[in-house]
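Engineer: Got a file for you: my_file-v4.csv, CSV, C-alpha atoms.
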```
chain,number,residue,atom,x,y,z
W,1,MET,CA,0.6,93.1,49.8
W,2,ILE,CA,0.2,91.6,46.3
W,3,GLU,CA,-2.5,92.4,43.7
W,4,ILE,CA,-4.1,89.3,42.3
W,5,GLY,CA,-7.0,89.7,39.9
W,6,GLY,CA,-7.7,93.2,41.0
W,7,PHE,CA,-7.7,92.3,44.7
W,8,VAL,CA,-5.0,93.3,47.1
W,9,VAL,CA,-3.9,90.2,49.1
W,10,ASN,CA,-1.8,90.3,52.2
W,11,MET,CA,0.4,87.2,51.8
W,12,LEU,CA,1.3,87.1,55.5
W,13,ALA,CA,-2.4,86.6,56.3
W,14,VAL,CA,-2.7,83.9,53.6
W,15,TRP,CA,0.3,81.9,54.9
W,16,LEU,CA,-0.9,82.3,58.5
W,17,VAL,CA,-4.4,81.0,57.6
W,18,LEU,CA,-2.9,78.1,55.7
W,19,ILE,CA,-0.8,77.2,58.7
W,20,VAL,CA,-3.9,77.2,60.9
W,21,VAL,CA,-5.9,75.1,58.4
W,22,PHE,CA,-3.1,72.5,58.0
W,23,LEU,CA,-2.7,72.3,61.8
W,24,ILE,CA,-6.5,71.8,62.3
W,25,LEU,CA,-6.5,69.1,59.6
W,26,GLU,CA,-3.6,67.5,61.4
W,27,ALA,CA,-5.5,67.5,64.7
W,28,ALA,CA,-8.7,66.2,63.1
W,29,ILE,CA,-7.3,63.3,60.9
W,30,PRO,CA,-5.6,60.3,62.6
W,31,GLY,CA,-2.0,59.9,61.7
W,32,LEU,CA,0.4,62.5,60.3
W,33,THR,CA,-1.2,63.9,57.2
W,34,SER,CA,-0.6,67.6,56.9
W,35,ILE,CA,2.0,68.7,59.3
W,36,TRP,CA,4.5,68.9,56.4
W,37,PHE,CA,2.4,71.5,54.6
W,38,ALA,CA,2.1,73.5,57.8
W,39,LEU,CA,5.9,73.6,57.9
W,40,GLY,CA,6.0,74.7,54.2
W,41,SER,CA,3.5,77.4,55.0
W,42,LEU,CA,5.6,78.6,57.9
W,43,ALA,CA,8.6,78.8,55.5
W,44,ALA,CA,6.6,80.8,53.0
W,45,LEU,CA,5.3,83.1,55.8
W,46,VAL,CA,8.9,83.8,56.8
W,47,ALA,CA,9.7,84.5,53.1
W,48,ALA,CA,6.7,86.9,52.9
W,49,ALA,CA,7.8,88.6,56.1
W,50,VAL,CA,11.2,89.5,54.6
W,51,GLY,CA,9.5,90.8,51.4
W,52,ALA,CA,10.2,87.9,49.0
W,53,PRO,CA,8.2,87.9,45.8
W,54,LEU,CA,5.2,85.6,45.5
W,55,TRP,CA,6.9,83.1,43.3
W,56,LEU,CA,9.7,82.6,45.9
W,57,GLN,CA,7.1,82.2,48.7
W,58,VAL,CA,5.3,79.5,46.7
W,59,LEU,CA,8.6,77.9,45.9
W,60,TRP,CA,9.6,77.8,49.5
W,61,PHE,CA,6.2,76.4,50.4
W,62,PHE,CA,6.7,73.4,48.0
W,63,VAL,CA,10.4,72.9,48.7
W,64,VAL,CA,10.1,72.8,52.5
W,65,SER,CA,6.8,70.7,52.4
W,66,ILE,CA,8.3,68.1,50.1
W,67,ALA,CA,11.6,68.0,52.0
W,68,ALA,CA,9.9,67.7,55.4
W,69,LEU,CA,7.7,64.9,54.0
W,70,ALA,CA,10.6,63.1,52.3
W,71,PHE,CA,12.9,63.2,55.4
W,72,THR,CA,10.4,62.6,58.2
W,73,ARG,CA,7.7,60.3,56.8
W,74,PRO,CA,9.8,57.2,56.7
W,75,LEU,CA,10.9,57.7,60.3
W,76,VAL,CA,7.4,58.5,61.5
W,77,LYS,CA,6.0,55.4,59.9
W,78,LYS,CA,8.7,53.3,61.5
W,79,TYR,CA,8.0,54.5,65.0
W,80,ILE,CA,4.3,55.3,65.1
W,81,ASN,CA,1.8,52.4,65.1
W,82,SER,CA,4.6,50.0,64.3
W,83,LYS,CA,4.5,48.0,67.5
W,84,VAL,CA,2.2,45.0,67.0
W,85,GLN,CA,1.1,43.5,70.2
W,86,PRO,CA,0.9,39.7,70.0
W,87,THR,CA,-2.2,38.2,71.5
W,88,ASN,CA,-2.7,34.9,73.2
W,89,ALA,CA,-4.4,33.7,70.1
W,90,ASP,CA,-1.1,34.3,68.1
W,91,MET,CA,0.5,31.6,70.3
W,92,MET,CA,-1.7,29.0,68.6
W,93,ILE,CA,-0.1,29.5,65.2
W,94,GLY,CA,2.0,26.4,64.4
W,95,ARG,CA,0.2,24.2,66.9
W,96,GLU,CA,-2.0,21.2,66.2
W,97,CYS,CA,-5.8,21.1,66.4
W,98,ILE,CA,-8.5,18.5,65.8
W,99,ALA,CA,-11.4,19.0,63.3
W,100,THR,CA,-14.7,18.8,65.2
W,101,GLU,CA,-16.8,19.5,62.1
W,102,LYS,CA,-16.1,18.8,58.4
W,103,ILE,CA,-14.1,21.7,57.0
W,104,ASP,CA,-15.1,22.6,53.5
W,105,ASN,CA,-14.3,26.2,52.3
W,106,LEU,CA,-16.7,26.0,49.4
W,107,MET,CA,-19.6,25.1,51.6
W,108,GLY,CA,-18.5,27.5,54.3
W,109,THR,CA,-18.4,24.9,57.0
W,110,GLY,CA,-15.8,23.8,59.5
W,111,ALA,CA,-14.7,23.9,63.1
W,112,ALA,CA,-11.7,22.8,65.0
W,113,SER,CA,-10.8,22.4,68.7
W,114,ILE,CA,-7.6,23.5,70.4
W,115,ASP,CA,-7.1,23.4,74.1
W,116,GLY,CA,-10.8,22.7,74.5
W,117,LYS,CA,-11.8,25.8,72.7
W,118,GLU,CA,-13.9,25.6,69.5
W,119,TRP,CA,-12.8,27.8,66.5
W,120,THR,CA,-14.4,28.3,63.1
W,121,ALA,CA,-11.8,26.8,60.8
W,122,ARG,CA,-11.0,27.1,57.1
W,123,MET,CA,-8.5,25.2,55.0
W,124,GLU,CA,-5.5,27.0,53.4
W,125,SER,CA,-6.8,26.0,50.0
W,126,ASP,CA,-10.4,25.5,48.7
W,127,ASP,CA,-9.5,22.2,47.1
W,128,ILE,CA,-8.6,20.6,50.5
W,129,LYS,CA,-11.1,19.3,52.9
W,130,ALA,CA,-10.9,17.8,56.4
W,131,GLU,CA,-13.1,15.3,58.2
W,132,VAL,CA,-14.1,15.2,61.8
W,133,GLY,CA,-11.1,13.9,63.9
W,134,ASP,CA,-8.4,14.9,61.4
W,135,ARG,CA,-5.3,16.4,62.9
W,136,LEU,CA,-4.6,19.9,61.5
W,137,LYS,CA,-1.9,22.4,61.8
W,138,ILE,CA,-2.8,26.1,62.4
W,139,LEU,CA,-1.2,28.4,59.9
W,140,LYS,CA,-2.7,31.7,60.8
W,141,ILE,CA,-5.7,33.5,62.3
W,142,GLU,CA,-7.9,35.7,60.2
W,143,GLY,CA,-10.4,37.5,62.4
W,144,VAL,CA,-12.2,34.8,64.3
W,145,LYS,CA,-11.2,31.9,62.0
W,146,ILE,CA,-8.2,29.7,62.1
W,147,ILE,CA,-6.6,28.8,58.8
W,148,VAL,CA,-5.4,25.2,58.8
W,149,ARG,CA,-3.8,22.5,56.7
W,150,PRO,CA,-3.6,18.7,57.2
W,151,GLU,CA,-0.9,17.7,59.6
W,152,LYS,CA,1.8,15.7,57.8
```
Please lay out the structure from this file as structure tokens.
Structural biologist:
Amino acid sequence: MIEIGGFVVNMLAVWLVLIVVFLILEAAIPGLTSIWFALGSLAALVAAAVGAPLWLQVLWFFVVSIAALAFTRPLVKKYINSKVQPTNADMMIGRECIATEKIDNLMGTGAASIDGKEWTARMESDDIKAEVGDRLKILKIEGVKIIVRPEK
């Protein structure tokens, strides 16, 4: 029990409530966002349970939260959502296509055909244009558009 501003506060209850709040936030928000603060609150709860002064409880909260974040976040980012699944469309990158409509980025026009499928096409640079029948190389896919350049 600590008196703060004339109120008697049970720090065990405060740290327990913070643990619950951080765990609820963790469950509600996609990705790891607040689990580290729940661990810091747990450390502060243990400090409060053994009778540590408030300043030490707060110190433990920050030290454990920051340490947990610093040591685990890089590992978590590496293993969660790091696996990019290639699609069939990705196999088109580097291949040749044929312009089926004049490609002009500034006018917002252009289409190209690859394997009999028509794609909206844009040039890699606004100052380059392509005419119908030009051979182009696919550089990348952005949404539903292929980004191309003239075939050398």
Engineer: Could you give me, as a ChimeraX atom specification, the residues within 12 Å of Thr33 of chain W, counting all atoms listed in the file and dropping anything in the same chain fewer than 4 positions from it?
Structural biologist: /W:22-29,37-38,65,68-69,72-73,76-77
Engineer: For a test of reading the model, state the distance in Å between atom CA of Met92 of chain W and atom CA of Lys78 of chain W, rounded to one decimal.
Structural biologist: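 Atom-to-atom, atom CA of Met92 of chain W to atom CA of Lys78 of chain W, that is 27.4 Å.
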Engineer: Mind listing whatever residues come within 10 Å of the point (4.4, 23.8, 65.9)? Use all atoms listed in the file, file coordinates, and give them as a ChimeraX atom specification.
Structural biologist: /W:91-96,137-139
Engineer: What does the distance between atom CA of Val17 of chain W and atom CA of Ala70 of chain W come to in Å, to one decimal place?
Structural biologist: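 About the pair atom CA of Val17 of chain W and atom CA of Ala70 of chain W: they are 23.9 Å apart.
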Engineer: Please indicate the distance in Å from atom CA of Cys97 of chain W to atom CA of Asp126 of chain W, rounded to one decimal place.
Structural biologist: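 According to the coordinates, atom CA of Cys97 of chain W and atom CA of Asp126 of chain W are separated by 18.8 Å.
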Engineer: Would you please work out which residue, of W:Gly40, W:Pro30, W:Pro150, W:Gly51, is nearest to Asn10 of chain W when using all atoms listed in the file?
Structural biologist: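 Closest candidate: W:Gly51.
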Engineer: Could you tell me, as number ranges by chain, which residues have any atom at most 7 Å from (-5.9, 27.9, 53.8), counting only C-alpha atoms?
Structural biologist: W: 122-125, 147-149
Engineer: What's the 10 Å shell around Leu45 of chain W, counting all atoms listed in the file, without same-chain residues fewer than 6 positions away, as a list in words?
Structural biologist: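 So, after excluding close chain neighbours, the residues are Met11, Leu12, Ala13, Val14, Trp15, Leu16, Leu18, Ile19, Leu39, Gly51, Ala52, Gln57, Val58, Trp60 and Phe61 of chain W.
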Engineer: Looking at W:Trp55, W:Trp119, W:Trp36, W:Phe71, which one is nearest to Ile146 of chain W, with distances taken over all atoms listed in the file?
Structural biologist: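 That would be W:Trp119, the residue with the smallest distance to Ile146 of chain W.
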Engineer: Can you tell me which residues surround Gly133 of chain W at a distance of at most 10 Å, considering only C-alpha atoms, apart from same-chain residues fewer than 4 positions away, and format the answer as a PDB file with C-alpha atoms, in the frame of the given file?
Structural biologist:
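Result went into around28.pdb, see below:
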```
ATOM      1  CA  CYS W  97      -5.800  21.100  66.400  1.00  0.00           C
ATOM      2  CA  ILE W  98      -8.500  18.500  65.800  1.00  0.00           C
ATOM      3  CA  ALA W  99     -11.400  19.000  63.300  1.00  0.00           C
ATOM      4  CA  THR W 100     -14.700  18.800  65.200  1.00  0.00           C
ATOM      5  CA  GLU W 101     -16.800  19.500  62.100  1.00  0.00           C
ATOM      6  CA  LYS W 102     -16.100  18.800  58.400  1.00  0.00           C
ATOM      7  CA  ALA W 112     -11.700  22.800  65.000  1.00  0.00           C
ATOM      8  CA  SER W 113     -10.800  22.400  68.700  1.00  0.00           C
TER       9      SER W 113
END
```
Engineer: Counting only C-alpha atoms, which of W:Val132, W:Ile66, W:Ile141, W:Ala48 gets nearest to Ile35 of chain W?
Structural biologist: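 Closest residue, counting only C-alpha atoms: W:Ile66.
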Engineer: Restricting the calculation to all atoms listed in the file: of W:Asp90, W:Lys117, W:Pro53, W:Val63, which residue gets closest to Glu142 of chain W?
Structural biologist: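 Distance minimum relative to Glu142 of chain W lands on W:Asp90.
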Engineer: Using all atoms listed in the file, which residue out of W:Phe62, W:Glu131, W:Gly116, W:Leu32 lies closest to Ala44 of chain W?
Structural biologist: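 Answer, going by the shortest atom-to-atom distance: W:Phe62.
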Engineer: Identify which of the residues W:Asp134, W:Ala89, W:Val20, W:Leu75 lies closest to Gly110 of chain W, counting all atoms listed in the file when measuring atom-to-atom distances.
Structural biologist: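 Result for the nearest residue to Gly110 of chain W: W:Asp134.
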